[in-house]
Each structure stands twice: as C-alpha cells, then as structure tokens.
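Asker: This is the content of work37.cif (mmCIF, C-alpha atoms and all ligand atoms):
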data_data
#
loop_
_atom_site.label_atom_id
_atom_site.label_comp_id
_atom_site.auth_asym_id
_atom_site.auth_seq_id
_atom_site.Cartn_x
_atom_site.Cartn_y
_atom_site.Cartn_z
CA MET J 1 0.19 12.26 29.65
CA SER J 2 -1.35 9.17 28.09
CA THR J 3 -0.36 7.58 24.78
CA PRO J 4 -2.38 8.88 21.82
CA HIS J 5 -4.84 6.34 20.42
CA VAL J 6 -6.51 5.82 17.05
CA THR J 7 -9.71 3.98 16.21
CA ILE J 8 -9.75 1.22 13.59
CA LYS J 9 -12.70 -0.67 12.15
CA LEU J 10 -12.82 -4.45 12.21
CA PRO J 11 -15.42 -6.82 10.77
CA LYS J 12 -17.96 -7.77 13.45
CA GLU J 13 -17.38 -11.43 12.69
CA LEU J 14 -13.73 -11.06 13.71
CA VAL J 15 -14.60 -9.11 16.85
CA ASP J 16 -17.11 -11.80 17.83
CA GLU J 17 -14.26 -14.31 17.65
CA MET J 18 -12.05 -12.01 19.74
CA ASP J 19 -14.79 -11.70 22.36
CA LYS J 20 -14.58 -15.44 22.98
CA LEU J 21 -11.10 -14.84 24.42
CA LYS J 22 -12.34 -12.29 26.96
CA GLY J 23 -11.78 -13.55 30.48
CA LYS J 24 -9.31 -16.19 29.27
CA HIS J 25 -5.49 -15.99 29.32
CA GLY J 26 -5.74 -12.76 31.30
CA PHE J 27 -7.53 -10.82 28.54
CA ARG J 28 -9.98 -8.33 29.99
CA GLY J 29 -11.14 -6.69 26.78
CA ARG J 30 -10.96 -6.32 23.02
CA GLY J 31 -8.21 -3.72 23.19
CA GLU J 32 -5.84 -6.08 24.97
CA ILE J 33 -6.62 -8.91 22.56
CA ALA J 34 -6.10 -6.69 19.51
CA LYS J 35 -2.83 -5.24 20.90
CA GLU J 36 -1.42 -8.69 21.60
CA ALA J 37 -2.43 -9.99 18.15
CA ILE J 38 -0.91 -7.01 16.35
CA ARG J 39 2.30 -7.12 18.42
CA GLN J 40 2.76 -10.77 17.46
CA LEU J 41 2.14 -9.97 13.78
CA LEU J 42 4.58 -7.05 13.80
CA ASP J 43 7.16 -9.22 15.50
CA LYS J 44 6.70 -11.93 12.87
CA TYR J 45 7.31 -9.44 10.04
CA LYS J 46 9.96 -7.38 11.84
CA ALA J 47 12.55 -8.06 9.11
CA ASP J 48 10.18 -6.76 6.42
CA ILE J 49 9.22 -3.71 8.44
CA ASN J 50 12.85 -2.68 8.88
CA ALA J 51 13.92 -3.56 5.34
CA PRO J 52 14.32 -0.72 2.86
CA PRO J 53 11.26 -0.40 0.63
CA ARG J 54 11.46 -2.16 -2.74
CA PHE J 55 10.28 0.91 -4.66
CA VAL J 56 11.26 4.52 -4.08
CA LYS J 57 9.80 7.35 -6.12
CA ILE J 58 12.38 9.52 -7.81
CA ASN J 59 10.02 11.97 -9.50
CA SER J 60 6.82 12.24 -11.48
CA ASP J 61 5.13 14.59 -13.92
CA GLU J 62 2.13 14.39 -16.24
CA ASN J 63 3.97 11.87 -18.47
CA GLY J 64 4.47 9.36 -15.69
CA ILE J 65 6.77 8.42 -12.85
CA LYS J 66 10.41 7.48 -12.44
CA LEU J 67 11.10 5.08 -9.60
CA ARG J 68 13.98 3.14 -8.15
CA ASP J 69 13.58 -0.63 -7.84
CA ASN J 70 15.83 -1.71 -4.97
CA VAL J 71 15.54 -5.39 -5.88
CA LEU J 72 16.52 -4.98 -9.54
CA ASN J 73 18.85 -2.21 -8.41
CA ARG J 74 17.90 0.12 -11.25
CA GLU J 75 15.62 2.97 -12.21
CA VAL J 76 12.35 2.22 -13.97
CA ASP J 77 10.07 4.56 -15.96
CA VAL J 78 6.31 4.09 -16.00
CA TYR J 79 4.45 6.17 -18.59
CA ILE J 80 0.89 7.43 -18.60
CA LYS J 81 -0.35 7.12 -22.19
CA PRO J 82 -3.79 7.73 -23.72
CA TYR J 83 -4.30 3.94 -23.98
CA GLY J 84 -2.98 2.96 -20.56
CA VAL J 85 -0.23 3.01 -17.96
CA ARG J 86 2.90 1.27 -19.21
CA CYS J 87 6.17 0.10 -17.67
CA LEU J 88 9.03 0.70 -20.08
CA LEU J 89 11.24 -1.98 -18.53
CA ASP J 90 8.74 -4.83 -18.67
CA ASP J 91 6.69 -3.46 -21.59
CA SER J 92 3.69 -4.24 -19.41
CA SER J 93 0.67 -2.57 -17.89
CA THR J 94 0.32 -5.16 -15.12
CA CYS J 95 3.80 -5.47 -13.59
CA GLU J 96 4.74 -4.44 -10.05
CA HIS J 97 6.12 -1.12 -11.30
CA VAL J 98 2.74 -0.19 -12.72
CA TYR J 99 1.02 -1.22 -9.49
CA TYR J 100 3.46 0.92 -7.54
CA ALA J 101 2.85 3.83 -9.93
CA LEU J 102 -0.91 3.48 -9.46
CA SER J 103 -0.45 3.75 -5.69
CA ASP J 104 1.30 7.13 -5.98
CA SER J 105 -1.02 10.04 -5.13
CA ASP J 106 0.49 12.38 -7.77
CA VAL J 107 0.11 9.75 -10.49
CA ARG J 108 -3.48 9.11 -9.40
CA LYS J 109 -4.22 12.81 -9.63
CA ILE J 110 -2.87 12.93 -13.20
CA ILE J 111 -4.77 9.76 -14.18
CA ARG J 112 -8.07 11.15 -12.84
CA ALA J 113 -7.52 14.35 -14.85
CA LYS J 114 -6.62 12.43 -18.04
CA ILE J 115 -9.67 10.14 -17.72
CA LYS J 116 -11.81 13.28 -17.88
CA GLU J 117 -10.03 14.09 -21.16
CA GLY J 118 -11.09 10.67 -22.49
CA TRP J 119 -7.92 8.65 -21.92
CA LYS J 120 -8.47 4.94 -21.35
CA LEU J 121 -6.82 4.57 -17.97
CA PRO J 122 -7.45 2.38 -14.93
CA ASP J 123 -9.91 3.76 -12.41
CA VAL J 124 -7.93 5.04 -9.41
ZN ZN S 1 7.69 -3.12 -14.74
#
Translate this file's structure into structure tokens.
Ligand SMILES: [Zn+2]
Answerer:
Amino acid sequence: MSTPHVTIKLPKELVDEMDKLKGKHGFRGRGEIAKEAIRQLLDKYKADINAPPRFVKINSDENGIKLRDNVLNREVDVYIKPYGVRCLLDDSSTCEHVYYALSDSDVRKIIRAKIKEGWKLPDV
C-alpha cells in the first residue's frame, strides 16, 4: 500500500523557481524538490515542533475562554464583551491571549453569533 498524499497550493512564482532546480542535484520533479525543502524546514524547527504548545484551552462558553499559558505558567481568561474581546490579565484586546482566543473555533462561533446581535467584535 502506498503512503497517502495530500495536495497543497503554492504560488506559481514559487513553483517557477522550483522548476529551475529540475534536472539538477538529482531532482526529477517538483514533488522531490518540495519534499526536500519541507524536510529541511521541519528539521530546522524540530525543537519547536516537539515543544509543548504555549497555549492550551481549558474551556470556553459564550462569555469567553479560559486558557493555560505555559510560558507565564498560569491560567488566563479572555472575555467576549459587547465592545470587544478582552484579556483580563493584560487588560488588552491585542495581546497574544486574545489572538489565541480568536483562533479557537468555539470562540469564533460565539463571536459570529454576537456580531449578528450588534456587538462590536473583530471579524472572524
Ligand atoms: Zn493577554
């Protein structure tokens, strides 16, 4: 049985550059070039890939999300309010905790519903 594959899209400009490597250094096609490039990148960031994630979601409801920040080593609450999304720790709407909250699919679902109710929230 062969390894499952997935298709990814790349800008044509980048692929044109890759094509210049075809026939050189033993590369026969784009797939080989892409695989080698990605392997090198993954190897470079191996430590990051294997590190525990900085943020871990603890729970969320329509008021917001509670997360664990593994760098600060503490829990952080981010609230969804009619005037915006707010981090209680940093008293900010632009800190990393808010950005993490905005990446959570449950939070995004709540935000989209609240926007329909007229709340002034970031478009997600
Ligand atoms: Zn914060």
Asker: Residues contacting ligand ZN 1 (chain S) - anything with an atom at most 8 Å away, using only C-alpha atoms and all ligand atoms - can you give me those as a list in words?
Answerer: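 Counting only what the definition allows, namely only C-alpha atoms and all ligand atoms, the set is Val76, Val78, Arg86, Cys87, Leu88, Leu89, Asp90, Asp91, Ser92, Ser93, Thr94, Cys95, Glu96, His97 and Val98 of chain J.
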Asker: So that I can check the surroundings of Asp16 (chain J), please list as a VMD selection string every protein, DNA and RNA residue that reaches within 12 Å of it, counting only C-alpha atoms and ignoring chain neighbours fewer than 6 positions away.
Answerer: chain J and resid 10 22 29 to 30 33
Asker: Keeping only C-alpha atoms, write those residues as a PDB file, in the frame of the given file.
Answerer:
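The new file result_22.pdb reads:
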ATOM      1  CA  LEU J  10     -12.820  -4.450  12.210  1.00  0.00           C
ATOM      2  CA  LYS J  22     -12.340 -12.290  26.960  1.00  0.00           C
ATOM      3  CA  GLY J  29     -11.140  -6.690  26.780  1.00  0.00           C
ATOM      4  CA  ARG J  30     -10.960  -6.320  23.020  1.00  0.00           C
ATOM      5  CA  ILE J  33      -6.620  -8.910  22.560  1.00  0.00           C
TER       6      ILE J  33
END
Asker: Might I get the box with edges along x, y and z of the file that holds all atoms of region 41-47 of chain J listed there, padded by 5 Å on every side, given as centre and edge lengths in Å to one decimal, as JSON?
Answerer:
{"center_x": 7.3, "center_y": -9.5, "center_z": 12.3, "size_x": 20.4, "size_y": 14.9, "size_z": 16.4}
Asker: Could you please determine the separation between CA of Pro11 (chain J) and CA of Leu102 (chain J) in Å, to one decimal place?
Answerer: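 So the two atoms, CA of Pro11 (chain J) and CA of Leu102 (chain J), lie 26.9 Å apart.
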Asker: Using CA of Met1 (chain J) and CA of Phe27 (chain J) as the two end points, give the distance in Å to one decimal.
Answerer: 24.4 Å
Asker: One number please: CA of Asn59 (chain J) to CA of Lys116 (chain J), in Å, one decimal.
Answerer: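 The value is 23.4 Å.
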Asker: So that I can see what lies close to Pro82 (chain J), please list as a PyMOL selection string the residues with an atom at most 10 Å from it, counting only C-alpha atoms and leaving out residues fewer than 5 positions away in the same chain.
Answerer: chain J and resi 111+114-115+117-121
Asker: Tell me which of J:Tyr83, J:Phe55, J:Tyr99, J:Tyr45 sits closest to Asp69 (chain J), counting all atoms listed in the file.
Answerer: J:Phe55
Asker: With all atoms listed in the file as the basis for distance, which of J:Ser103, J:Ser2, J:Asn73, J:Thr7 is at the shortest distance from Arg54 (chain J)?
Answerer: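 Of the candidates, the smallest distance to Arg54 (chain J) is held by J:Asn73.
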Asker: Under the rule that all atoms listed in the file are counted, which of J:Arg68, J:Leu42, J:Ala34, J:Lys81 is the nearest residue to Leu21 (chain J)?
Answerer: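 Among J:Arg68, J:Leu42, J:Ala34, J:Lys81, it is J:Ala34 that comes nearest to Leu21 (chain J).
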Asker: Hey, which of J:Ala101, J:Gly31, J:Val85, J:Thr3 ends up closest to Val15 (chain J)? Count all atoms listed in the file.
Answerer: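 Selected residue with least distance to Val15 (chain J): J:Gly31.
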Asker: Any chance you could model N, CA and C atoms for region 14-45 of chain J and send them as a PDB file, in the frame of the given file?
Answerer:
ATOM      1  N   LEU J  14     -15.041 -10.893  13.088  1.00  0.00           N
ATOM      2  CA  LEU J  14     -13.730 -11.060  13.710  1.00  0.00           C
ATOM      3  C   LEU J  14     -13.779 -10.661  15.187  1.00  0.00           C
ATOM      4  N   VAL J  15     -14.489  -9.589  15.467  1.00  0.00           N
ATOM      5  CA  VAL J  15     -14.600  -9.110  16.850  1.00  0.00           C
ATOM      6  C   VAL J  15     -15.373 -10.130  17.698  1.00  0.00           C
ATOM      7  N   ASP J  16     -16.373 -10.760  17.102  1.00  0.00           N
ATOM      8  CA  ASP J  16     -17.110 -11.800  17.830  1.00  0.00           C
ATOM      9  C   ASP J  16     -16.174 -12.942  18.233  1.00  0.00           C
ATOM     10  N   GLU J  17     -15.247 -13.277  17.341  1.00  0.00           N
ATOM     11  CA  GLU J  17     -14.260 -14.310  17.650  1.00  0.00           C
ATOM     12  C   GLU J  17     -13.342 -13.853  18.777  1.00  0.00           C
ATOM     13  N   MET J  18     -12.917 -12.567  18.699  1.00  0.00           N
ATOM     14  CA  MET J  18     -12.050 -12.010  19.740  1.00  0.00           C
ATOM     15  C   MET J  18     -12.742 -12.064  21.104  1.00  0.00           C
ATOM     16  N   ASP J  19     -14.038 -11.755  21.102  1.00  0.00           N
ATOM     17  CA  ASP J  19     -14.790 -11.700  22.360  1.00  0.00           C
ATOM     18  C   ASP J  19     -14.780 -13.046  23.097  1.00  0.00           C
ATOM     19  N   LYS J  20     -14.611 -14.114  22.355  1.00  0.00           N
ATOM     20  CA  LYS J  20     -14.580 -15.440  22.980  1.00  0.00           C
ATOM     21  C   LYS J  20     -13.330 -15.627  23.848  1.00  0.00           C
ATOM     22  N   LEU J  21     -12.329 -14.768  23.625  1.00  0.00           N
ATOM     23  CA  LEU J  21     -11.100 -14.840  24.420  1.00  0.00           C
ATOM     24  C   LEU J  21     -11.183 -14.019  25.708  1.00  0.00           C
ATOM     25  N   LYS J  22     -12.197 -13.140  25.766  1.00  0.00           N
ATOM     26  CA  LYS J  22     -12.340 -12.290  26.960  1.00  0.00           C
ATOM     27  C   LYS J  22     -12.477 -13.150  28.204  1.00  0.00           C
ATOM     28  N   GLY J  23     -11.724 -12.793  29.233  1.00  0.00           N
ATOM     29  CA  GLY J  23     -11.780 -13.550  30.480  1.00  0.00           C
ATOM     30  C   GLY J  23     -10.875 -14.762  30.488  1.00  0.00           C
ATOM     31  N   LYS J  24     -10.259 -15.060  29.339  1.00  0.00           N
ATOM     32  CA  LYS J  24      -9.310 -16.190  29.270  1.00  0.00           C
ATOM     33  C   LYS J  24      -7.907 -15.634  29.047  1.00  0.00           C
ATOM     34  N   HIS J  25      -6.907 -16.367  29.488  1.00  0.00           N
ATOM     35  CA  HIS J  25      -5.490 -15.990  29.320  1.00  0.00           C
ATOM     36  C   HIS J  25      -5.199 -14.572  29.808  1.00  0.00           C
ATOM     37  N   GLY J  26      -5.984 -14.091  30.731  1.00  0.00           N
ATOM     38  CA  GLY J  26      -5.740 -12.760  31.300  1.00  0.00           C
ATOM     39  C   GLY J  26      -6.281 -11.614  30.460  1.00  0.00           C
ATOM     40  N   PHE J  27      -6.968 -11.897  29.367  1.00  0.00           N
ATOM     41  CA  PHE J  27      -7.530 -10.820  28.540  1.00  0.00           C
ATOM     42  C   PHE J  27      -8.801 -10.277  29.176  1.00  0.00           C
ATOM     43  N   ARG J  28      -8.795  -8.942  29.393  1.00  0.00           N
ATOM     44  CA  ARG J  28      -9.980  -8.330  29.990  1.00  0.00           C
ATOM     45  C   ARG J  28     -10.885  -7.690  28.943  1.00  0.00           C
ATOM     46  N   GLY J  29     -10.309  -7.348  27.793  1.00  0.00           N
ATOM     47  CA  GLY J  29     -11.140  -6.690  26.780  1.00  0.00           C
ATOM     48  C   GLY J  29     -10.568  -6.797  25.379  1.00  0.00           C
ATOM     49  N   ARG J  30     -11.349  -6.257  24.432  1.00  0.00           N
ATOM     50  CA  ARG J  30     -10.960  -6.320  23.020  1.00  0.00           C
ATOM     51  C   ARG J  30      -9.639  -5.614  22.745  1.00  0.00           C
ATOM     52  N   GLY J  31      -9.429  -4.485  23.412  1.00  0.00           N
ATOM     53  CA  GLY J  31      -8.210  -3.720  23.190  1.00  0.00           C
ATOM     54  C   GLY J  31      -6.968  -4.547  23.481  1.00  0.00           C
ATOM     55  N   GLU J  32      -6.993  -5.254  24.591  1.00  0.00           N
ATOM     56  CA  GLU J  32      -5.840  -6.080  24.970  1.00  0.00           C
ATOM     57  C   GLU J  32      -5.629  -7.209  23.969  1.00  0.00           C
ATOM     58  N   ILE J  33      -6.716  -7.800  23.532  1.00  0.00           N
ATOM     59  CA  ILE J  33      -6.620  -8.910  22.560  1.00  0.00           C
ATOM     60  C   ILE J  33      -6.046  -8.397  21.248  1.00  0.00           C
ATOM     61  N   ALA J  34      -6.570  -7.257  20.778  1.00  0.00           N
ATOM     62  CA  ALA J  34      -6.100  -6.690  19.510  1.00  0.00           C
ATOM     63  C   ALA J  34      -4.625  -6.304  19.619  1.00  0.00           C
ATOM     64  N   LYS J  35      -4.228  -5.669  20.726  1.00  0.00           N
ATOM     65  CA  LYS J  35      -2.830  -5.240  20.900  1.00  0.00           C
ATOM     66  C   LYS J  35      -1.888  -6.446  20.855  1.00  0.00           C
ATOM     67  N   GLU J  36      -2.262  -7.495  21.571  1.00  0.00           N
ATOM     68  CA  GLU J  36      -1.420  -8.690  21.600  1.00  0.00           C
ATOM     69  C   GLU J  36      -1.310  -9.319  20.207  1.00  0.00           C
ATOM     70  N   ALA J  37      -2.431  -9.397  19.493  1.00  0.00           N
ATOM     71  CA  ALA J  37      -2.430  -9.990  18.150  1.00  0.00           C
ATOM     72  C   ALA J  37      -1.550  -9.183  17.209  1.00  0.00           C
ATOM     73  N   ILE J  38      -1.668  -7.869  17.270  1.00  0.00           N
ATOM     74  CA  ILE J  38      -0.910  -7.010  16.350  1.00  0.00           C
ATOM     75  C   ILE J  38       0.577  -7.021  16.713  1.00  0.00           C
ATOM     76  N   ARG J  39       0.881  -7.031  18.017  1.00  0.00           N
ATOM     77  CA  ARG J  39       2.300  -7.120  18.420  1.00  0.00           C
ATOM     78  C   ARG J  39       2.942  -8.383  17.877  1.00  0.00           C
ATOM     79  N   GLN J  40       2.214  -9.498  17.956  1.00  0.00           N
ATOM     80  CA  GLN J  40       2.760 -10.770  17.460  1.00  0.00           C
ATOM     81  C   GLN J  40       2.975 -10.714  15.947  1.00  0.00           C
ATOM     82  N   LEU J  41       2.028 -10.084  15.234  1.00  0.00           N
ATOM     83  CA  LEU J  41       2.140  -9.970  13.780  1.00  0.00           C
ATOM     84  C   LEU J  41       3.337  -9.086  13.397  1.00  0.00           C
ATOM     85  N   LEU J  42       3.481  -7.958  14.097  1.00  0.00           N
ATOM     86  CA  LEU J  42       4.580  -7.050  13.800  1.00  0.00           C
ATOM     87  C   LEU J  42       5.921  -7.712  14.091  1.00  0.00           C
ATOM     88  N   ASP J  43       5.944  -8.519  15.148  1.00  0.00           N
ATOM     89  CA  ASP J  43       7.160  -9.220  15.500  1.00  0.00           C
ATOM     90  C   ASP J  43       7.521 -10.243  14.417  1.00  0.00           C
ATOM     91  N   LYS J  44       6.500 -10.926  13.916  1.00  0.00           N
ATOM     92  CA  LYS J  44       6.700 -11.930  12.870  1.00  0.00           C
ATOM     93  C   LYS J  44       7.304 -11.306  11.611  1.00  0.00           C
ATOM     94  N   TYR J  45       6.852 -10.097  11.271  1.00  0.00           N
ATOM     95  CA  TYR J  45       7.310  -9.440  10.040  1.00  0.00           C
ATOM     96  C   TYR J  45       8.345  -8.346  10.291  1.00  0.00           C
TER      97      TYR J  45
END
